[in-house]
Structure formats: structure tokens, C-alpha cells
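Visitor: I have a structure here, written as C-alpha cells, and I will follow up with some questions on it.
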Amino acid sequence: MTVTEPGEPVLDISLVIITGMSGAGRSTAANAMEDAGWFVVDNLPPELLPMLVELGRRSQGSVPRIAAVVDVRGRAFFDSLRGALAELDGRGVVPRIMFLEASDEALVRRFENVRRPHPLQGDARIVDGIAEERELLRDLRGRADLVIDTSDKNVHELRAEVDRAFGSAADESVTMTVVSFGYKYGLPVDADLVVDCRFLPNPHWVPELRPFTGTDPEVSAYVLTRPGAVEFLDGYTDLLKVVTEGYRTERKRYVTLAVGCTGGKHRSVAIAEELGSRLRKAGIQVRVVHRDMGRE
């Protein structure tokens with residue numbers, strides 16, 4: 001199995017191998033990598049690592065970052081991993097290894113809490129399985145680029161450490177989708193925040209504006225100049241800046257803001273467009289969607 005042919009350029013693929021002690025948080029680390037935009041493969045047989053990188057190369061840049069969770073549960077499995085790493089090194093691909101570990105006490109407590117046996121304990125005790133696995137992984141731990149001890153870490157602290165090591169500034173940004181909608185068609189089911197624009201006068205009752213939508217200048221100007229509109233936009237934009245920063249800190253990267261009026265054609269559309277514009281100027285990634293415009 002080969003990754004490149006002689007003379008081919010070195011692959012522009014980032015590969016991270018997630019491994020370590022059972023119960024130390026491999027799944028949590030993998031989820032954090034996936035949320036940060038990495039293509040994650042769980043429980044991959046080690047001998048398939050070169051093939052995985054080759055598939056990433058053939059994607060022509062659409063899969064530039066790959067993370068593979070490798071679960072080492074036996075000597076033969078470990079030997080396969082060692083061979084795969086040697087092949088990757090020989091082909092110019094240098095994977096980074098993230099090794100997760102924890103104290104025996106912490107691992108025993110975790111296995112007892114979930115009432116599951118350690119994968120290597122067999123008919124023996126949990127501590128025997130932990131000891132065997134630790135011995136099997138000794139050499140791999142020594143080769144690791146990053147060793148994370150999760151003994152005293154909760155899920156959020158582990159995710160934060162993985163983000164710091166393998167994320168980027170872009171990974172930590174919040175993307176907000178602003179959706180205009182009509183209450184008579186129901187609330188968007190995925191809304192995190194809901195804004196009600198029905199306190200503003202309805203352009204539907206202005207005959208010359210009724211045929212238009214909130215994206216038309218005539219309707220937008222009418223809505224945005226009504227009493228209370230600017231005050232609402234100023235105050236709510238400031239509030240959204242605070243909320244978005246809180247979401248970023250808590251690593252909630254995708255937020256849906258639903259902006260509603262009666263039919264989803266005039267007021268909610270105009271307000272959604274204006275909020276989107278203001279949030280972009282504040283440095284927040286925004287896309288605006290009009291769910292019900294055109295349904296009438």
C-alpha cells in the first residue's frame with residue numbers, strides 16, 4: 001500500500017492520530033476535532049492509515065485535515081500501527097500523535113461509573129486491564145507529540161485543550177444564521193433566539209407597499225423609520241454582541257436567530273437584513289435567510 005509514487009510532491013495533508021488509554025477521553029477529543037473542522041475517522045485499523053491519507057490527497061483539497069482514532073487493544077494491533085507509521089514516515093507524511101492518559105484511580109472510577117469492563121481485563125480486574133494497556137502503549141506514548149492527562153479534567157476542559165492544540169482562530173468563530181419568518185407559518189424549529197417584530201406598523205396595510213417585500217428599498221425605509229425601530233436595532237445589536245461572545249467562549253459555533261412578523265414578508269425581512277448588516281460590521285459571520293418570503 002502506497003501513498004505517493006516516487007517523484008510526486010509531498011502530500012499537503014495534516015494527519016493527527018488520536019490514541020491513548022481506554023477511558024481517558026478519546027471520543028471527547030475526536031468530537032472536539034470534528035467540531036473544529038477536521039475529518040474524523042473512529043476506530044480505524046492502523047494498516048488503513050496510508051490509504052486514508054491517499055484518499056485525502058485525491059479529494060483535491062476538500063479534506064486537508066484528517067484525524068484518526070486508533071484504539072490499541074493488542075500486540076498485533078500495535079505492531080500494525082507501528083508499521084503504518086513507518087510507511088507514512090517513508091512517504092513524507094509526518095502524522096502528529098495526540099495521546100490521552102489518566103491515572104489508574106481516575107480510569108477505574110470511570111469504568112465503574114459506566115459499569116463496563118476494561119477492554120483488556122478479560123476475567124481479571126479492571127486494574128489488570130489498565131496495567132496491560134499502559135505497557136502496550138509505552139512506546140507510542142514516548143513518540144507522541146502531545147500528551148494530555150485527563151485525570152482531573154472535565155469534558156469542557158479537555159475540549160478546550162484540544163482546541164488550543166489543533167484548532168484555529170477561524171475554528172473558534174461563531175456563525176450566525178438570521179432567519180426571517182411568519183408567525184402564521186410557525187416558529188423555525190432550529191431557532192436559538194427569537195425576535196418579534198410585530199410591535200412595528202405593518203406595511204401590509206399600506207396599499208402601495210403591500211406588493212413589495214422587506215428587501216425592497218421602499219419597504220425597508222418604511223420599516224426602519226417607524227418609531228422604536230432604530231432604538232430596537234441599536235439595543236438588540238449590542239445584546240447580540242454580548243451573546244455571541246458568550247457562545248464563542250462556550251464553543252457554540254452555530255447560532256440561529258429567528259426574526260418574525262405576521263406573514264414573514266415585510267417587517268421581519270427588513271429587520272433581518274438590517275441586523276445582518278450590523279452584525280457583519282461588528283465582525284460576526286452572518287448569513288441571512290428568508291424562510292417565508294413569497295409564500296403569500
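Note on naming: chains are A, B, ... as they come in the C-alpha cells, residues start from 1 per chain, ligands start from 1 in the order shown.
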Write down as a list in words the residues belonging to region 28-144 of chain A that are assigned strand (DSSP E) by DSSP computed on the backbone.
Guide: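 Those in region 28-144 of chain A that DSSP calls strand (DSSP E) are Phe39, Val40, Val41, Arg65, Ile66, Ala67, Ala68, Val69, Arg96, Ile97, Met98, Phe99, Leu100 and Glu101 of chain A.
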Visitor: Filtering to N, CA, C and O atoms, could you give me those residues as a short mmCIF file (atom, residue, chain, number, x, y, z; two decimals), in the first residue's frame?
Guide:
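And here's result02.cif as it stands now:
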```cif
data_model
loop_
_atom_site.label_atom_id
_atom_site.label_comp_id
_atom_site.auth_asym_id
_atom_site.auth_seq_id
_atom_site.Cartn_x
_atom_site.Cartn_y
_atom_site.Cartn_z
N PHE A 39 -11.72 16.17 9.48
CA PHE A 39 -12.40 14.96 9.03
C PHE A 39 -11.95 13.84 9.95
O PHE A 39 -10.77 13.48 9.98
N VAL A 40 -12.88 13.29 10.75
CA VAL A 40 -12.53 12.35 11.80
C VAL A 40 -13.02 10.95 11.45
O VAL A 40 -14.17 10.77 11.05
N VAL A 41 -12.14 9.98 11.59
CA VAL A 41 -12.48 8.57 11.41
C VAL A 41 -12.24 7.85 12.72
O VAL A 41 -11.14 7.92 13.28
N ARG A 65 -7.48 18.15 6.39
CA ARG A 65 -7.12 17.84 7.78
C ARG A 65 -7.88 16.58 8.21
O ARG A 65 -9.11 16.55 8.20
N ILE A 66 -7.13 15.56 8.56
CA ILE A 66 -7.71 14.27 8.92
C ILE A 66 -7.25 13.87 10.32
O ILE A 66 -6.08 14.01 10.66
N ALA A 67 -8.18 13.40 11.12
CA ALA A 67 -7.87 12.86 12.44
C ALA A 67 -8.40 11.43 12.51
O ALA A 67 -9.55 11.18 12.12
N ALA A 68 -7.59 10.51 12.97
CA ALA A 68 -7.98 9.11 13.06
C ALA A 68 -7.84 8.63 14.50
O ALA A 68 -6.79 8.80 15.12
N VAL A 69 -8.92 8.06 15.02
CA VAL A 69 -8.89 7.49 16.37
C VAL A 69 -8.42 6.05 16.25
O VAL A 69 -9.05 5.23 15.57
N ARG A 96 0.93 13.74 13.41
CA ARG A 96 1.07 14.13 14.81
C ARG A 96 0.24 13.17 15.66
O ARG A 96 -0.86 12.79 15.28
N ILE A 97 0.77 12.81 16.81
CA ILE A 97 0.10 11.85 17.68
C ILE A 97 -0.36 12.56 18.95
O ILE A 97 0.45 13.17 19.65
N MET A 98 -1.65 12.49 19.20
CA MET A 98 -2.21 13.02 20.45
C MET A 98 -2.53 11.83 21.35
O MET A 98 -3.33 10.97 21.00
N PHE A 99 -1.88 11.79 22.49
CA PHE A 99 -2.01 10.66 23.41
C PHE A 99 -2.74 11.11 24.66
O PHE A 99 -2.33 12.05 25.34
N LEU A 100 -3.85 10.43 24.96
CA LEU A 100 -4.65 10.75 26.14
C LEU A 100 -4.41 9.70 27.22
O LEU A 100 -4.45 8.49 26.95
N GLU A 101 -4.16 10.18 28.42
CA GLU A 101 -3.92 9.26 29.53
C GLU A 101 -4.58 9.80 30.79
O GLU A 101 -5.03 10.95 30.84
#
```
Visitor: What parts of region 16-265 of chain A does DSSP call helix (DSSP H, G or I)? I'd like the answer as a VMD selection string.
Guide: chain A and resid 26 to 35 46 to 58 75 to 90 104 to 114 126 to 136 138 to 143 155 to 166 183 to 185 203 to 205 217 to 224 229 to 249
Visitor: Given the selection you just returned, output its residues as a file containing C-alpha atoms, formatted as an mmCIF file, in the first residue's frame.
Guide:
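Once everything was written out, this is out20.cif:
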```
data_model
loop_
_atom_site.group_PDB
_atom_site.id
_atom_site.type_symbol
_atom_site.label_atom_id
_atom_site.label_comp_id
_atom_site.auth_asym_id
_atom_site.auth_seq_id
_atom_site.Cartn_x
_atom_site.Cartn_y
_atom_site.Cartn_z
ATOM 1 C CA ARG A 26 -10.534 9.723 23.070
ATOM 2 C CA SER A 27 -14.166 10.175 21.984
ATOM 3 C CA THR A 28 -14.353 13.643 23.518
ATOM 4 C CA ALA A 29 -11.130 14.650 21.771
ATOM 5 C CA ALA A 30 -12.423 13.276 18.464
ATOM 6 C CA ASN A 31 -15.673 15.245 18.800
ATOM 7 C CA ALA A 32 -13.711 18.419 19.502
ATOM 8 C CA MET A 33 -11.594 17.853 16.388
ATOM 9 C CA GLU A 34 -14.699 17.238 14.278
ATOM 10 C CA ASP A 35 -16.341 20.421 15.577
ATOM 11 C CA PRO A 46 -3.906 1.111 11.677
ATOM 12 C CA GLU A 47 -2.977 -0.539 8.378
ATOM 13 C CA LEU A 48 -5.583 1.688 6.657
ATOM 14 C CA LEU A 49 -3.905 4.955 7.702
ATOM 15 C CA PRO A 50 -1.853 5.283 4.467
ATOM 16 C CA MET A 51 -4.972 4.608 2.393
ATOM 17 C CA LEU A 52 -6.880 7.257 4.363
ATOM 18 C CA VAL A 53 -4.200 9.833 3.591
ATOM 19 C CA GLU A 54 -4.239 8.831 -0.072
ATOM 20 C CA LEU A 55 -7.996 9.378 -0.215
ATOM 21 C CA GLY A 56 -7.486 12.782 1.381
ATOM 22 C CA ARG A 57 -4.956 13.647 -1.322
ATOM 23 C CA ARG A 58 -7.368 12.614 -4.051
ATOM 24 C CA ARG A 75 0.125 -6.618 20.488
ATOM 25 C CA ALA A 76 -0.732 -7.452 16.845
ATOM 26 C CA PHE A 77 -2.772 -4.260 16.570
ATOM 27 C CA PHE A 78 0.104 -2.236 17.970
ATOM 28 C CA ASP A 79 2.535 -3.819 15.525
ATOM 29 C CA SER A 80 0.202 -2.837 12.650
ATOM 30 C CA LEU A 81 0.183 0.753 13.886
ATOM 31 C CA ARG A 82 3.944 0.832 14.138
ATOM 32 C CA GLY A 83 4.212 -0.446 10.548
ATOM 33 C CA ALA A 84 1.701 2.109 9.281
ATOM 34 C CA LEU A 85 3.578 4.960 10.965
ATOM 35 C CA ALA A 86 6.824 3.776 9.414
ATOM 36 C CA GLU A 87 5.206 3.682 5.975
ATOM 37 C CA LEU A 88 3.792 7.169 6.375
ATOM 38 C CA ASP A 89 7.175 8.497 7.509
ATOM 39 C CA GLY A 90 8.811 6.875 4.489
ATOM 40 C CA ASP A 104 -5.226 4.420 37.386
ATOM 41 C CA GLU A 105 -7.578 5.814 40.032
ATOM 42 C CA ALA A 106 -9.369 8.045 37.537
ATOM 43 C CA LEU A 107 -9.697 5.274 34.950
ATOM 44 C CA VAL A 108 -11.024 2.768 37.478
ATOM 45 C CA ARG A 109 -13.575 5.304 38.672
ATOM 46 C CA ARG A 110 -14.753 5.995 35.117
ATOM 47 C CA PHE A 111 -15.156 2.327 34.216
ATOM 48 C CA GLU A 112 -17.007 1.656 37.441
ATOM 49 C CA ASN A 113 -19.322 4.626 36.843
ATOM 50 C CA VAL A 114 -20.372 3.343 33.423
ATOM 51 C CA ILE A 126 -10.024 -3.501 35.860
ATOM 52 C CA VAL A 127 -6.611 -2.521 37.201
ATOM 53 C CA ASP A 128 -5.071 -5.527 35.433
ATOM 54 C CA GLY A 129 -6.511 -4.423 32.088
ATOM 55 C CA ILE A 130 -5.264 -0.879 32.677
ATOM 56 C CA ALA A 131 -1.783 -2.117 33.509
ATOM 57 C CA GLU A 132 -1.625 -4.261 30.372
ATOM 58 C CA GLU A 133 -2.798 -1.447 28.148
ATOM 59 C CA ARG A 134 -0.366 1.020 29.694
ATOM 60 C CA GLU A 135 2.506 -1.356 28.989
ATOM 61 C CA LEU A 136 1.377 -1.890 25.375
ATOM 62 C CA ARG A 138 4.505 2.766 26.484
ATOM 63 C CA ASP A 139 6.489 3.172 23.246
ATOM 64 C CA LEU A 140 3.666 5.003 21.474
ATOM 65 C CA ARG A 141 3.354 7.445 24.358
ATOM 66 C CA GLY A 142 7.056 8.200 24.047
ATOM 67 C CA ARG A 143 6.545 9.079 20.386
ATOM 68 C CA VAL A 155 -15.257 17.272 29.252
ATOM 69 C CA HIS A 156 -15.191 21.031 28.652
ATOM 70 C CA GLU A 157 -11.601 21.408 29.833
ATOM 71 C CA LEU A 158 -10.445 18.574 27.578
ATOM 72 C CA ARG A 159 -12.235 20.070 24.559
ATOM 73 C CA ALA A 160 -10.617 23.436 25.296
ATOM 74 C CA GLU A 161 -7.144 21.886 25.391
ATOM 75 C CA VAL A 162 -7.723 20.057 22.103
ATOM 76 C CA ASP A 163 -8.989 23.296 20.543
ATOM 77 C CA ARG A 164 -5.876 25.140 21.659
ATOM 78 C CA ALA A 165 -3.637 22.476 20.162
ATOM 79 C CA PHE A 166 -5.372 21.740 16.872
ATOM 80 C CA TYR A 183 -45.708 33.532 12.822
ATOM 81 C CA LYS A 184 -48.713 32.201 10.941
ATOM 82 C CA TYR A 185 -46.431 29.529 9.436
ATOM 83 C CA PRO A 203 -46.559 47.664 5.629
ATOM 84 C CA HIS A 204 -49.223 45.159 4.531
ATOM 85 C CA TRP A 205 -51.822 47.822 5.387
ATOM 86 C CA PRO A 217 -35.960 49.848 -0.547
ATOM 87 C CA GLU A 218 -39.467 51.266 -0.174
ATOM 88 C CA VAL A 219 -40.495 48.718 2.456
ATOM 89 C CA SER A 220 -37.120 48.730 4.211
ATOM 90 C CA ALA A 221 -37.171 52.504 4.546
ATOM 91 C CA TYR A 222 -40.732 52.416 5.872
ATOM 92 C CA VAL A 223 -39.970 49.744 8.494
ATOM 93 C CA LEU A 224 -36.664 51.179 9.665
ATOM 94 C CA ALA A 229 -37.161 50.629 15.107
ATOM 95 C CA VAL A 230 -33.736 52.265 15.429
ATOM 96 C CA GLU A 231 -33.801 52.021 19.226
ATOM 97 C CA PHE A 232 -34.627 48.328 18.967
ATOM 98 C CA LEU A 233 -31.882 47.679 16.410
ATOM 99 C CA ASP A 234 -29.283 49.572 18.433
ATOM 100 C CA GLY A 235 -30.121 47.779 21.670
ATOM 101 C CA TYR A 236 -30.532 44.316 20.190
ATOM 102 C CA THR A 237 -27.324 44.552 18.167
ATOM 103 C CA ASP A 238 -25.408 45.372 21.355
ATOM 104 C CA LEU A 239 -27.104 42.457 23.114
ATOM 105 C CA LEU A 240 -26.235 40.050 20.293
ATOM 106 C CA LYS A 241 -22.569 41.055 20.520
ATOM 107 C CA VAL A 242 -22.559 40.007 24.178
ATOM 108 C CA VAL A 243 -24.489 36.799 23.478
ATOM 109 C CA THR A 244 -22.249 35.867 20.550
ATOM 110 C CA GLU A 245 -19.114 36.325 22.627
ATOM 111 C CA GLY A 246 -20.639 34.083 25.278
ATOM 112 C CA TYR A 247 -21.442 31.443 22.681
ATOM 113 C CA ARG A 248 -17.876 31.656 21.368
ATOM 114 C CA THR A 249 -16.483 31.154 24.871
#
```
Visitor: Mind giving me the straight-line distance from CA of Ile284 (chain A) to CA of Asp190 (chain A) in Å, one decimal?
Guide: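 These two atoms are separated by 19.5 Å.
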